[in-house]
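Okay, start_27.txt now, which holds compact mmCIF, C-alpha atoms (C1' of nucleotides):
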```
# COMPACT_ATOMS: atom_id res chain seq x y z
CA MET L 1 -96.84 -43.63 119.11
CA LEU L 2 -93.26 -43.09 118.16
CA ASN L 3 -91.02 -45.75 116.84
CA MET L 4 -88.62 -47.23 119.33
CA CYS L 5 -85.90 -46.03 117.01
CA SER L 6 -86.64 -42.38 117.60
CA MET L 7 -87.74 -42.69 121.22
CA HIS L 8 -84.26 -42.40 122.62
CA ALA L 9 -81.66 -42.78 119.93
CA ASP L 10 -78.78 -44.58 121.60
CA LEU L 11 -75.69 -43.54 119.72
CA THR L 12 -73.08 -45.36 121.77
CA ALA L 13 -70.96 -47.70 119.73
CA ARG L 14 -72.40 -50.62 121.67
CA ALA L 15 -75.95 -49.73 120.66
CA VAL L 16 -74.95 -49.07 117.06
CA ILE L 17 -73.32 -52.48 116.84
CA ARG L 18 -76.42 -54.11 118.35
CA ASP L 19 -78.78 -52.35 115.93
CA ARG L 20 -76.72 -53.15 112.85
CA ALA L 21 -76.40 -56.75 114.01
CA LEU L 22 -80.16 -56.90 114.40
CA GLU L 23 -80.70 -55.84 110.81
CA LEU L 24 -78.06 -58.17 109.40
CA PHE L 25 -79.11 -61.13 111.54
CA ALA L 26 -82.74 -60.58 110.56
CA ALA L 27 -81.87 -60.61 106.88
CA ARG L 28 -79.33 -63.42 106.68
CA GLY L 29 -79.39 -65.15 110.04
CA PRO L 30 -76.65 -65.06 112.69
CA ASP L 31 -74.76 -67.88 110.99
CA GLY L 32 -74.81 -66.04 107.69
CA VAL L 33 -73.30 -62.86 109.09
CA SER L 34 -69.68 -62.61 110.24
CA VAL L 35 -68.45 -60.50 113.11
CA ARG L 36 -66.44 -58.59 110.55
CA ALA L 37 -69.61 -57.78 108.57
CA VAL L 38 -71.35 -56.46 111.67
CA ALA L 39 -68.30 -54.39 112.56
CA ALA L 40 -68.10 -52.94 109.06
CA ALA L 41 -71.81 -52.05 109.09
CA ALA L 42 -71.37 -50.33 112.43
CA GLY L 43 -68.18 -48.59 111.34
CA VAL L 44 -66.02 -50.14 114.04
CA SER L 45 -63.33 -52.79 114.27
CA PRO L 46 -64.19 -56.48 114.68
CA ALA L 47 -62.30 -56.48 117.96
CA LEU L 48 -64.66 -53.91 119.44
CA VAL L 49 -67.65 -56.15 118.81
CA ILE L 50 -66.02 -58.87 120.89
CA HIS L 51 -64.89 -56.30 123.44
CA HIS L 52 -68.47 -55.19 124.07
CA PHE L 53 -70.30 -58.51 123.85
CA GLY L 54 -67.66 -61.05 124.82
CA SER L 55 -68.27 -63.24 121.81
CA LYS L 56 -70.45 -63.50 118.73
CA ASP L 57 -72.88 -65.60 120.69
CA GLY L 58 -72.97 -62.89 123.35
CA LEU L 59 -73.91 -60.40 120.66
CA ARG L 60 -76.65 -62.70 119.41
CA ALA L 61 -77.99 -63.06 122.94
CA ALA L 62 -77.95 -59.27 123.40
CA VAL L 63 -79.94 -58.81 120.19
CA ASP L 64 -82.34 -61.53 121.31
CA ASP L 65 -82.95 -59.71 124.58
CA HIS L 66 -83.35 -56.38 122.84
CA VAL L 67 -85.96 -57.70 120.42
CA ALA L 68 -87.76 -59.68 123.12
CA ALA L 69 -87.95 -56.55 125.27
CA ALA L 70 -89.38 -54.54 122.39
CA PHE L 71 -91.95 -57.28 121.79
CA ASP L 72 -92.88 -57.37 125.48
CA GLY L 73 -93.35 -53.63 125.44
CA LEU L 74 -95.69 -54.03 122.51
CA LEU L 75 -97.68 -56.76 124.22
CA GLY L 76 -98.10 -54.63 127.33
CA GLU L 77 -99.79 -51.76 125.57
CA ALA L 78 -101.64 -53.63 122.84
CA PRO L 79 -105.30 -52.80 123.46
CA ASP L 80 -106.77 -55.65 121.45
CA ALA L 81 -105.22 -58.79 120.04
CA ALA L 82 -106.97 -58.43 116.70
CA SER L 83 -103.79 -58.61 114.68
CA LEU L 84 -100.62 -58.54 116.66
CA ALA L 85 -98.65 -59.33 113.53
CA GLU L 86 -99.80 -56.15 111.85
CA THR L 87 -99.23 -54.09 114.99
CA MET L 88 -95.69 -55.41 115.28
CA LEU L 89 -94.90 -54.49 111.73
CA ARG L 90 -96.13 -50.96 112.36
CA GLU L 91 -94.59 -50.24 115.74
CA LEU L 92 -91.33 -52.14 115.90
CA PRO L 93 -88.01 -50.70 114.68
CA ALA L 94 -86.78 -51.75 111.28
CA GLY L 95 -85.67 -55.35 111.08
CA SER L 96 -87.32 -56.40 114.32
CA PRO L 97 -90.26 -58.24 112.75
CA ALA L 98 -87.93 -60.24 110.55
CA TYR L 99 -85.69 -60.95 113.52
CA LEU L 100 -88.67 -61.97 115.62
CA ARG L 101 -89.70 -64.31 112.84
CA ARG L 102 -86.28 -65.90 112.90
CA LEU L 103 -86.36 -66.12 116.69
CA LEU L 104 -89.73 -67.82 116.70
CA LEU L 105 -88.68 -70.36 114.09
CA SER L 106 -85.19 -71.08 115.37
CA GLY L 107 -86.31 -73.14 118.32
CA ASP L 108 -84.30 -70.87 120.57
CA PRO L 109 -85.65 -70.64 124.14
CA ALA L 110 -85.97 -66.87 123.71
CA GLY L 111 -88.27 -67.47 120.74
CA THR L 112 -90.28 -70.05 122.62
CA ALA L 113 -90.76 -67.61 125.48
CA ILE L 114 -92.05 -64.99 123.05
CA PHE L 115 -94.39 -67.55 121.51
CA ARG L 116 -95.73 -68.47 124.93
CA ARG L 117 -96.30 -64.83 125.88
CA TRP L 118 -98.09 -64.18 122.63
CA TYR L 119 -100.28 -67.18 123.27
CA GLU L 120 -101.12 -66.06 126.81
CA VAL L 121 -102.17 -62.64 125.56
CA THR L 122 -104.40 -64.28 122.97
CA ARG L 123 -105.82 -66.64 125.56
CA SER L 124 -106.63 -63.73 127.90
CA ALA L 125 -108.24 -61.79 125.07
CA THR L 126 -110.47 -64.70 124.06
CA GLN L 127 -111.42 -65.36 127.66
CA ALA L 128 -112.41 -61.72 128.01
CA MET L 129 -114.55 -61.93 124.90
CA ILE L 130 -116.14 -65.11 126.11
CA ALA L 131 -116.89 -63.48 129.45
CA ALA L 132 -118.32 -60.48 127.62
CA GLY L 133 -120.56 -62.80 125.67
CA THR L 134 -119.24 -61.81 122.24
CA MET L 135 -117.43 -65.08 121.57
CA THR L 136 -118.43 -68.69 121.98
CA GLU L 137 -116.23 -70.85 124.12
CA GLY L 138 -116.03 -73.88 121.85
CA ARG L 139 -115.26 -77.37 123.02
CA ASP L 140 -111.53 -76.80 123.46
CA PRO L 141 -110.83 -73.18 124.42
CA VAL L 142 -107.12 -73.83 124.89
CA VAL L 143 -106.71 -75.14 121.36
CA ARG L 144 -109.05 -72.52 119.98
CA ALA L 145 -106.91 -69.69 121.37
CA ALA L 146 -103.83 -71.30 119.82
CA PHE L 147 -105.68 -71.71 116.53
CA LEU L 148 -106.64 -68.04 116.44
CA MET L 149 -103.17 -66.98 117.48
CA VAL L 150 -101.25 -68.89 114.84
CA ASN L 151 -103.75 -67.82 112.18
CA ASP L 152 -102.47 -64.33 112.85
CA LEU L 153 -98.85 -65.25 113.46
CA VAL L 154 -98.60 -67.07 110.17
CA LEU L 155 -98.94 -63.76 108.33
CA LEU L 156 -95.59 -62.79 109.79
CA LEU L 157 -94.05 -66.13 108.85
CA VAL L 158 -95.10 -66.49 105.22
CA ARG L 159 -95.79 -62.89 104.36
CA ASP L 160 -93.50 -62.88 101.33
CA GLN L 161 -94.84 -66.11 99.87
CA LEU L 162 -98.42 -64.93 100.35
CA ALA L 163 -97.59 -61.62 98.70
CA GLU L 164 -96.15 -63.47 95.74
CA VAL L 165 -99.13 -65.81 95.35
CA LEU L 166 -101.87 -63.28 96.04
CA GLY L 167 -100.21 -60.41 94.23
CA VAL L 168 -100.73 -58.18 97.25
CA ASP L 169 -98.83 -57.81 100.52
CA PRO L 170 -101.14 -59.33 103.18
CA LEU L 171 -99.68 -56.93 105.76
CA GLY L 172 -99.97 -53.88 103.52
CA ALA L 173 -102.99 -51.58 103.49
CA GLU L 174 -105.04 -53.27 100.79
CA GLY L 175 -103.91 -56.80 101.64
CA MET L 176 -104.64 -56.32 105.31
CA ALA L 177 -108.16 -55.15 104.54
CA ARG L 178 -108.85 -58.12 102.31
CA TRP L 179 -107.24 -60.64 104.65
CA ALA L 180 -108.90 -59.33 107.81
CA GLY L 181 -112.20 -59.05 105.99
CA GLU L 182 -112.13 -62.66 104.88
CA ALA L 183 -110.87 -63.90 108.25
CA LEU L 184 -113.67 -62.10 110.03
CA THR L 185 -116.19 -63.50 107.56
CA VAL L 186 -114.97 -67.03 108.30
CA TYR L 187 -114.98 -66.39 112.03
CA ARG L 188 -118.51 -64.95 111.77
CA GLU L 189 -120.24 -67.33 109.42
CA GLY L 190 -117.94 -70.32 108.97
CA ILE L 191 -117.23 -71.65 105.52
CA PHE L 192 -119.70 -74.50 105.09
CA ARG L 193 -123.12 -74.27 103.57
CA MET U 194 -98.79 -96.57 100.74
CA LEU U 195 -95.15 -97.29 101.23
CA ASN U 196 -92.66 -94.71 102.34
CA MET U 197 -90.57 -93.28 99.59
CA CYS U 198 -87.60 -94.56 101.53
CA SER U 199 -88.52 -98.18 101.03
CA MET U 200 -90.02 -97.85 97.59
CA HIS U 201 -86.72 -98.25 95.80
CA ALA U 202 -83.87 -97.97 98.21
CA ASP U 203 -81.14 -96.23 96.25
CA LEU U 204 -77.89 -97.41 97.76
CA THR U 205 -75.47 -95.65 95.44
CA ALA U 206 -73.05 -93.40 97.26
CA ARG U 207 -74.58 -90.43 95.52
CA ALA U 208 -78.03 -91.21 96.91
CA VAL U 209 -76.67 -91.94 100.37
CA ILE U 210 -74.89 -88.58 100.44
CA ARG U 211 -78.07 -86.84 99.30
CA ASP U 212 -80.21 -88.53 101.95
CA ARG U 213 -77.80 -87.84 104.79
CA ALA U 214 -77.46 -84.25 103.63
CA LEU U 215 -81.25 -83.96 103.66
CA GLU U 216 -81.42 -85.03 107.28
CA LEU U 217 -78.55 -82.82 108.41
CA PHE U 218 -79.73 -79.79 106.42
CA ALA U 219 -83.22 -80.24 107.80
CA ALA U 220 -81.95 -80.28 111.36
CA ARG U 221 -79.30 -77.56 111.29
CA GLY U 222 -79.72 -75.79 107.98
CA PRO U 223 -77.31 -75.95 105.04
CA ASP U 224 -75.12 -73.21 106.52
CA GLY U 225 -74.85 -75.08 109.79
CA VAL U 226 -73.61 -78.30 108.20
CA SER U 227 -70.17 -78.66 106.66
CA VAL U 228 -69.35 -80.80 103.66
CA ARG U 229 -67.14 -82.82 105.97
CA ALA U 230 -70.08 -83.52 108.28
CA VAL U 231 -72.20 -84.74 105.38
CA ALA U 232 -69.36 -86.90 104.15
CA ALA U 233 -68.83 -88.41 107.60
CA ALA U 234 -72.55 -89.15 107.97
CA ALA U 235 -72.54 -90.84 104.59
CA GLY U 236 -69.33 -92.72 105.31
CA VAL U 237 -67.42 -91.23 102.39
CA SER U 238 -64.69 -88.67 101.88
CA PRO U 239 -65.47 -84.95 101.59
CA ALA U 240 -63.98 -84.95 98.12
CA LEU U 241 -66.57 -87.44 96.90
CA VAL U 242 -69.37 -85.10 97.88
CA ILE U 243 -67.90 -82.41 95.65
CA HIS U 244 -67.15 -84.98 92.96
CA HIS U 245 -70.81 -85.97 92.72
CA PHE U 246 -72.49 -82.61 93.18
CA GLY U 247 -69.91 -80.14 91.93
CA SER U 248 -70.09 -77.97 95.01
CA LYS U 249 -71.88 -77.68 98.32
CA ASP U 250 -74.45 -75.45 96.66
CA GLY U 251 -74.94 -78.12 94.02
CA LEU U 252 -75.65 -80.61 96.78
CA ARG U 253 -78.14 -78.23 98.34
CA ALA U 254 -79.88 -77.80 94.99
CA ALA U 255 -80.01 -81.57 94.50
CA VAL U 256 -81.63 -82.00 97.90
CA ASP U 257 -84.05 -79.18 97.08
CA ASP U 258 -85.10 -80.95 93.90
CA HIS U 259 -85.41 -84.29 95.65
CA VAL U 260 -87.68 -82.91 98.36
CA ALA U 261 -89.70 -80.85 95.90
CA ALA U 262 -90.24 -83.96 93.78
CA ALA U 263 -91.41 -85.96 96.80
CA PHE U 264 -93.79 -83.14 97.68
CA ASP U 265 -95.15 -83.00 94.14
CA GLY U 266 -95.74 -86.73 94.23
CA LEU U 267 -97.69 -86.27 97.42
CA LEU U 268 -99.79 -83.46 95.95
CA GLY U 269 -100.63 -85.55 92.92
CA GLU U 270 -102.20 -88.37 94.83
CA ALA U 271 -103.64 -86.46 97.77
CA PRO U 272 -107.38 -87.18 97.63
CA ASP U 273 -108.50 -84.28 99.78
CA ALA U 274 -106.71 -81.20 101.00
CA ALA U 275 -108.06 -81.53 104.54
CA SER U 276 -104.67 -81.46 106.17
CA LEU U 277 -101.76 -81.63 103.82
CA ALA U 278 -99.40 -80.91 106.68
CA GLU U 279 -100.46 -84.04 108.49
CA THR U 280 -100.32 -86.11 105.31
CA MET U 281 -96.80 -84.91 104.60
CA LEU U 282 -95.64 -85.88 108.03
CA ARG U 283 -97.05 -89.35 107.55
CA GLU U 284 -95.94 -90.12 104.00
CA LEU U 285 -92.67 -88.31 103.45
CA PRO U 286 -89.28 -89.87 104.26
CA ALA U 287 -87.62 -88.88 107.51
CA GLY U 288 -86.40 -85.31 107.61
CA SER U 289 -88.36 -84.18 104.58
CA PRO U 290 -91.04 -82.26 106.47
CA ALA U 291 -88.40 -80.35 108.41
CA TYR U 292 -86.49 -79.71 105.19
CA LEU U 293 -89.66 -78.57 103.46
CA ARG U 294 -90.28 -76.22 106.34
CA ARG U 295 -86.84 -74.75 105.88
CA LEU U 296 -87.35 -74.51 102.14
CA LEU U 297 -90.65 -72.69 102.51
CA LEU U 298 -89.22 -70.20 104.97
CA SER U 299 -85.87 -69.59 103.29
CA GLY U 300 -87.27 -67.45 100.50
CA ASP U 301 -85.61 -69.79 98.03
CA PRO U 302 -87.38 -69.97 94.63
CA ALA U 303 -87.78 -73.72 95.10
CA GLY U 304 -89.69 -73.06 98.32
CA THR U 305 -91.83 -70.40 96.68
CA ALA U 306 -92.72 -72.83 93.90
CA ILE U 307 -93.81 -75.42 96.47
CA PHE U 308 -95.85 -72.81 98.28
CA ARG U 309 -97.55 -71.82 95.05
CA ARG U 310 -98.36 -75.42 94.15
CA TRP U 311 -99.78 -76.05 97.60
CA TYR U 312 -101.95 -72.97 97.20
CA GLU U 313 -103.21 -74.06 93.80
CA VAL U 314 -104.21 -77.45 95.16
CA THR U 315 -106.07 -75.76 97.99
CA ARG U 316 -107.73 -73.36 95.58
CA SER U 317 -108.89 -76.23 93.38
CA ALA U 318 -110.21 -78.14 96.37
CA THR U 319 -112.20 -75.17 97.64
CA GLN U 320 -113.57 -74.47 94.17
CA ALA U 321 -114.69 -78.07 93.95
CA MET U 322 -116.43 -77.83 97.30
CA ILE U 323 -118.08 -74.58 96.28
CA ALA U 324 -119.27 -76.20 93.07
CA ALA U 325 -120.54 -79.17 95.07
CA GLY U 326 -122.46 -76.78 97.27
CA THR U 327 -120.78 -77.81 100.49
CA MET U 328 -118.80 -74.59 100.94
CA THR U 329 -119.74 -70.96 100.65
CA GLU U 330 -117.75 -68.83 98.28
CA GLY U 331 -117.19 -65.82 100.48
CA ARG U 332 -116.47 -62.36 99.23
CA ASP U 333 -112.85 -63.04 98.36
CA PRO U 334 -112.35 -66.69 97.31
CA VAL U 335 -108.71 -66.15 96.40
CA VAL U 336 -107.85 -64.85 99.86
CA ARG U 337 -110.09 -67.43 101.51
CA ALA U 338 -108.20 -70.29 99.89
CA ALA U 339 -104.93 -68.77 101.05
CA PHE U 340 -106.37 -68.32 104.52
CA LEU U 341 -107.40 -71.96 104.75
CA MET U 342 -104.11 -73.12 103.30
CA VAL U 343 -101.83 -71.25 105.71
CA ASN U 344 -104.03 -72.27 108.63
CA ASP U 345 -102.94 -75.80 107.83
CA LEU U 346 -99.39 -74.97 106.79
CA VAL U 347 -98.71 -73.17 110.03
CA LEU U 348 -98.92 -76.48 111.89
CA LEU U 349 -95.79 -77.54 110.07
CA LEU U 350 -94.05 -74.25 110.81
CA VAL U 351 -94.65 -73.85 114.53
CA ARG U 352 -95.34 -77.44 115.47
CA ASP U 353 -92.71 -77.52 118.21
CA GLN U 354 -93.77 -74.27 119.82
CA LEU U 355 -97.42 -75.34 119.77
CA ALA U 356 -96.50 -78.66 121.32
CA GLU U 357 -94.67 -76.88 124.09
CA VAL U 358 -97.48 -74.44 124.83
CA LEU U 359 -100.38 -76.89 124.46
CA GLY U 360 -98.60 -79.82 126.06
CA VAL U 361 -99.55 -82.02 123.12
CA ASP U 362 -98.05 -82.43 119.63
CA PRO U 363 -100.61 -80.86 117.28
CA LEU U 364 -99.55 -83.28 114.56
CA GLY U 365 -99.67 -86.34 116.80
CA ALA U 366 -102.71 -88.54 117.21
CA GLU U 367 -104.38 -86.78 120.12
CA GLY U 368 -103.25 -83.29 119.16
CA MET U 369 -104.43 -83.73 115.58
CA ALA U 370 -107.87 -84.81 116.77
CA ARG U 371 -108.20 -81.83 119.07
CA TRP U 372 -106.81 -79.37 116.55
CA ALA U 373 -108.85 -80.61 113.61
CA GLY U 374 -111.93 -80.80 115.80
CA GLU U 375 -111.62 -77.20 116.90
CA ALA U 376 -110.73 -75.99 113.41
CA LEU U 377 -113.79 -77.71 111.96
CA THR U 378 -115.95 -76.24 114.72
CA VAL U 379 -114.71 -72.75 113.84
CA TYR U 380 -115.19 -73.38 110.13
CA ARG U 381 -118.69 -74.73 110.81
CA GLU U 382 -120.06 -72.30 113.34
CA GLY U 383 -117.64 -69.40 113.51
CA ILE U 384 -116.48 -68.07 116.85
CA PHE U 385 -118.84 -65.18 117.56
CA ARG U 386 -122.05 -65.33 119.47
C1' DC E 387 -48.46 -31.71 134.71
C1' DA E 388 -48.64 -36.68 135.45
C1' DT E 389 -51.44 -40.61 135.65
C1' DC E 390 -54.72 -43.67 134.67
C1' DC E 391 -58.62 -45.86 132.64
C1' DG E 392 -62.11 -47.12 129.20
C1' DG E 393 -63.06 -47.07 124.26
C1' DC E 394 -60.96 -48.59 120.48
C1' DT E 395 -57.71 -50.45 116.76
C1' DG E 396 -54.29 -53.30 113.66
C1' DA E 397 -52.20 -57.32 113.36
C1' DA E 398 -51.93 -61.73 114.27
C1' DC E 399 -53.45 -66.44 116.02
C1' DG E 400 -55.31 -71.15 115.27
C1' DT E 401 -59.31 -73.42 113.36
C1' DT E 402 -62.59 -74.57 110.06
C1' DT E 403 -64.40 -73.81 105.73
C1' DG E 404 -65.17 -75.23 100.51
C1' DT E 405 -62.51 -76.85 97.01
C1' DT E 406 -58.52 -78.78 94.17
C1' DT E 407 -55.22 -82.01 92.87
C1' DA E 408 -52.77 -86.18 92.21
C1' DG E 409 -53.20 -90.74 92.54
C1' DC E 410 -55.09 -95.45 94.00
C1' DA E 411 -58.14 -99.38 93.10
C1' DT E 412 -61.45 -101.85 90.34
C1' DG E 413 -63.82 -103.63 86.46
C1' DC E 414 -65.09 -103.34 81.65
C1' DT E 415 -63.35 -103.22 76.77
C1' DG E 416 -60.23 -103.69 72.92
C1' DC Q 417 -52.78 -108.61 78.45
C1' DA Q 418 -52.93 -103.52 77.81
C1' DG Q 419 -55.74 -99.54 78.10
C1' DC Q 420 -59.01 -96.85 79.98
C1' DA Q 421 -62.85 -94.96 82.31
C1' DT Q 422 -65.07 -94.78 86.92
C1' DG Q 423 -65.65 -94.38 91.89
C1' DC Q 424 -63.14 -92.99 95.38
C1' DT Q 425 -59.50 -91.14 98.75
C1' DA Q 426 -55.57 -88.57 101.25
C1' DA Q 427 -53.39 -84.49 101.34
C1' DA Q 428 -53.06 -80.00 100.60
C1' DC Q 429 -54.82 -75.35 99.28
C1' DA Q 430 -56.40 -70.46 100.00
C1' DA Q 431 -59.88 -68.03 102.17
C1' DA Q 432 -62.79 -66.78 105.94
C1' DC Q 433 -63.91 -67.48 110.42
C1' DG Q 434 -64.07 -66.19 115.78
C1' DT Q 435 -61.01 -64.63 118.90
C1' DT Q 436 -56.69 -62.73 121.31
C1' DC Q 437 -53.20 -59.47 122.28
C1' DA Q 438 -50.38 -55.43 122.69
C1' DG Q 439 -50.83 -50.92 122.40
C1' DC Q 440 -52.80 -46.20 120.84
C1' DC Q 441 -55.72 -42.24 122.00
C1' DG Q 442 -58.40 -38.74 124.64
C1' DG Q 443 -60.63 -37.15 128.58
C1' DA Q 444 -61.26 -37.39 133.55
C1' DT Q 445 -58.75 -37.53 138.02
C1' DG Q 446 -54.97 -36.92 141.38
```
Go ahead and express the file in the form of structure tokens.
Amino acid sequence: MLNMCSMHADLTARAVIRDRALELFAARGPDGVSVRAVAAAAGVSPALVIHHFGSKDGLRAAVDDHVAAAFDGLLGEAPDAASLAETMLRELPAGSPAYLRRLLLSGDPAGTAIFRRWYEVTRSATQAMIAAGTMTEGRDPVVRAAFLMVNDLVLLLVRDQLAEVLGVDPLGAEGMARWAGEALTVYREGIFR
Amino acid sequence: MLNMCSMHADLTARAVIRDRALELFAARGPDGVSVRAVAAAAGVSPALVIHHFGSKDGLRAAVDDHVAAAFDGLLGEAPDAASLAETMLRELPAGSPAYLRRLLLSGDPAGTAIFRRWYEVTRSATQAMIAAGTMTEGRDPVVRAAFLMVNDLVLLLVRDQLAEVLGVDPLGAEGMARWAGEALTVYREGIFR
DNA sequence: CATCCGGCTGAACGTTTGTTTAGCATGCTG
DNA sequence: CAGCATGCTAAACAAACGTTCAGCCGGATG
């Protein structure tokens, strides 16, 4: 599959501003990036940013929607929910995972909606596996689905810290293999003797 | 154990400023809180904040150190590493858990240091359990310890979103029981049939 | 050709920011 | 009592902020 970036490169000034804002917001947060910085990165005047999005908050909302739409598109075609975090990192345009991280942690309703959708996909996947007889239901299937979901999500949230402590990027090739291997071992055999 | 708040209530203006800054920074982030807002919350003039901490960044650093010290104190006396997240929420002064969350996610060196210390405590605890024969070692003990650690840490990071989706605070009384129960079930029996 | 309209800019606006400065009060010390 | 450090404030500072406004430019339309 192609990256969203190259699918249909939107070169209108509006789209360029939105994409540059996405990258800057993802890196430093909306509060840490001025309208002037976004305009400079997009090669336009600060006034044009306001002209297209009404206000800085309008721009932020537009980026929110853009990222949420990309995430929804990913959820729709994801065959299995083994590691959504890793899939996101592979398929989403540059900066989106970091922006998604910020959205999920900001408490913004848009982030909460994404969280809920992610959970529902996980819940459906576990229910399917339970129905197929490959997974046990457990005493609290609702909590179990959330437990499995956040165990994957957390890789997106503390990726850098894990990379620093483990000495290997948990979402890189080697790290992913080790992490998934150990997670599957725990899920298969438990950890107690 | 007493709360750090009541252990030795420091009523100097410097301490009051620091504590109010902690709460405000935890809620809105350092960038979202002005020196004037901190000063108003502490009932002093903005100039006094600068007088005591040199600059806003100095204040932020002082709060970082204060929270990191409280966390270290907690790590030192924590008997088991069953759920450090829950222990933190119970023992730390108001706002500290939220501030710690922000610190861990900000990429700040202080946050990375805390993350590393948390990991080392978890690693030691798992090694002790392995030595005691109550836990299996697994193929990748280093990754396994990290896996177990972030599975607990994530409760602190996405507590609000989980509460919204599950309808119960995962770090409250009922939610904690359900969450810990399901986690232990997974760790005991795995999830596959 | 004249007109008009949307994309776009440069300059300015008022506000808020972090920080500085000069000076006031208070209490200890000689 | 004089002197002096300390804790603290009011006022002002320059810089950066989000936003507004008047107007330029180029291509489509009459």
(message) Between L:Ala26, L:Val49, L:Ala21, L:Leu89, which residue has the minimum interatomic distance to chain E, considering all atoms listed in the file?
(response) L:Val49
(message) Could you list, as a PyMOL selection string, every residue within 12 Å of Ala27 (chain L), counting all atoms listed in the file and ignoring same-chain residues fewer than 2 positions away?
(response) (chain L and resi 20-25+29-33+94-102) or (chain U and resi 299-300)
Show which residues sit within 12 Å of DT435 (chain Q), as a short mmCIF file (atom, residue, chain, number, x, y, z; two decimals) with C-alpha atoms (C1' of nucleotides), keeping the file's coordinate frame. Count only C-alpha atoms (C1' of nucleotides), and ignore same-chain residues fewer than 4 positions away.
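Output contents, as saved in out.cif:
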```
data_model
loop_
_atom_site.label_atom_id
_atom_site.label_comp_id
_atom_site.auth_asym_id
_atom_site.auth_seq_id
_atom_site.Cartn_x
_atom_site.Cartn_y
_atom_site.Cartn_z
CA VAL L 35 -68.45 -60.50 113.11
CA ARG L 36 -66.44 -58.59 110.55
CA PRO L 46 -64.19 -56.48 114.68
CA ALA L 47 -62.30 -56.48 117.96
CA LEU L 48 -64.66 -53.91 119.44
CA VAL L 49 -67.65 -56.15 118.81
CA ILE L 50 -66.02 -58.87 120.89
CA HIS L 51 -64.89 -56.30 123.44
CA GLY L 54 -67.66 -61.05 124.82
CA SER L 55 -68.27 -63.24 121.81
CA LYS L 56 -70.45 -63.50 118.73
"C1'" DA E 398 -51.93 -61.73 114.27
"C1'" DC E 399 -53.45 -66.44 116.02
"C1'" DG E 400 -55.31 -71.15 115.27
"C1'" DT E 401 -59.31 -73.42 113.36
#
```
Return as a Markdown table the residues of chain Q lying at most 12 Å from chain L, together with the closest atom-to-atom pair for each and the distance in Å to one decimal, counting all atoms listed in the file, with rows in chain order and ascending residue number.
```
| residue | atom | partner | partner_atom | distance |
| --- | --- | --- | --- | --- |
| Q:DA432 | C1' | L:Ser34 | CA | 9.1 |
| Q:DC433 | C1' | L:Ser34 | CA | 7.6 |
| Q:DG434 | C1' | L:Lys56 | CA | 7.5 |
| Q:DT435 | C1' | L:Ile50 | CA | 7.9 |
| Q:DT436 | C1' | L:Ala47 | CA | 9.0 |
| Q:DC437 | C1' | L:Ala47 | CA | 10.5 |
```
Just the selected residues (C-alpha atoms (C1' of nucleotides)), exported as a PDB file, in the frame of the given file, please.
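The file below, part_10.pdb, is the result:
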```pdb
ATOM      1  C1'  DA Q 432     -62.790 -66.780 105.940  1.00  0.00           C
ATOM      2  C1'  DC Q 433     -63.910 -67.480 110.420  1.00  0.00           C
ATOM      3  C1'  DG Q 434     -64.070 -66.190 115.780  1.00  0.00           C
ATOM      4  C1'  DT Q 435     -61.010 -64.630 118.900  1.00  0.00           C
ATOM      5  C1'  DT Q 436     -56.690 -62.730 121.310  1.00  0.00           C
ATOM      6  C1'  DC Q 437     -53.200 -59.470 122.280  1.00  0.00           C
TER       7       DC Q 437
END
```
Compute the distance from (-117.6, -66.4, 100.8) to each atom, counting all atoms listed in the file, keep the residues with any atom at most 9 Å away, and return them as an mmCIF file with C-alpha atoms, in the coordinates of the input; use the coordinates of the file.
```cif
data_model
loop_
_atom_site.group_PDB
_atom_site.id
_atom_site.type_symbol
_atom_site.label_atom_id
_atom_site.label_comp_id
_atom_site.auth_asym_id
_atom_site.auth_seq_id
_atom_site.Cartn_x
_atom_site.Cartn_y
_atom_site.Cartn_z
ATOM 1 C CA GLU L 182 -112.130 -62.660 104.880
ATOM 2 C CA THR L 185 -116.190 -63.500 107.560
ATOM 3 C CA VAL L 186 -114.970 -67.030 108.300
ATOM 4 C CA ILE L 191 -117.230 -71.650 105.520
ATOM 5 C CA MET U 328 -118.800 -74.590 100.940
ATOM 6 C CA THR U 329 -119.740 -70.960 100.650
ATOM 7 C CA GLU U 330 -117.750 -68.830 98.280
ATOM 8 C CA GLY U 331 -117.190 -65.820 100.480
ATOM 9 C CA ARG U 332 -116.470 -62.360 99.230
ATOM 10 C CA ASP U 333 -112.850 -63.040 98.360
ATOM 11 C CA PRO U 334 -112.350 -66.690 97.310
ATOM 12 C CA ARG U 337 -110.090 -67.430 101.510
#
```
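Our summary of the geometry notes that CA of Thr305 (chain U) is positioned 13.9 Å from CA of Ala339 (chain U).
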(message) Between CA of Ala324 (chain U) and CA of Gly374 (chain U), what is the distance in Å, rounded to a tenth?
(response) 24.3 Å
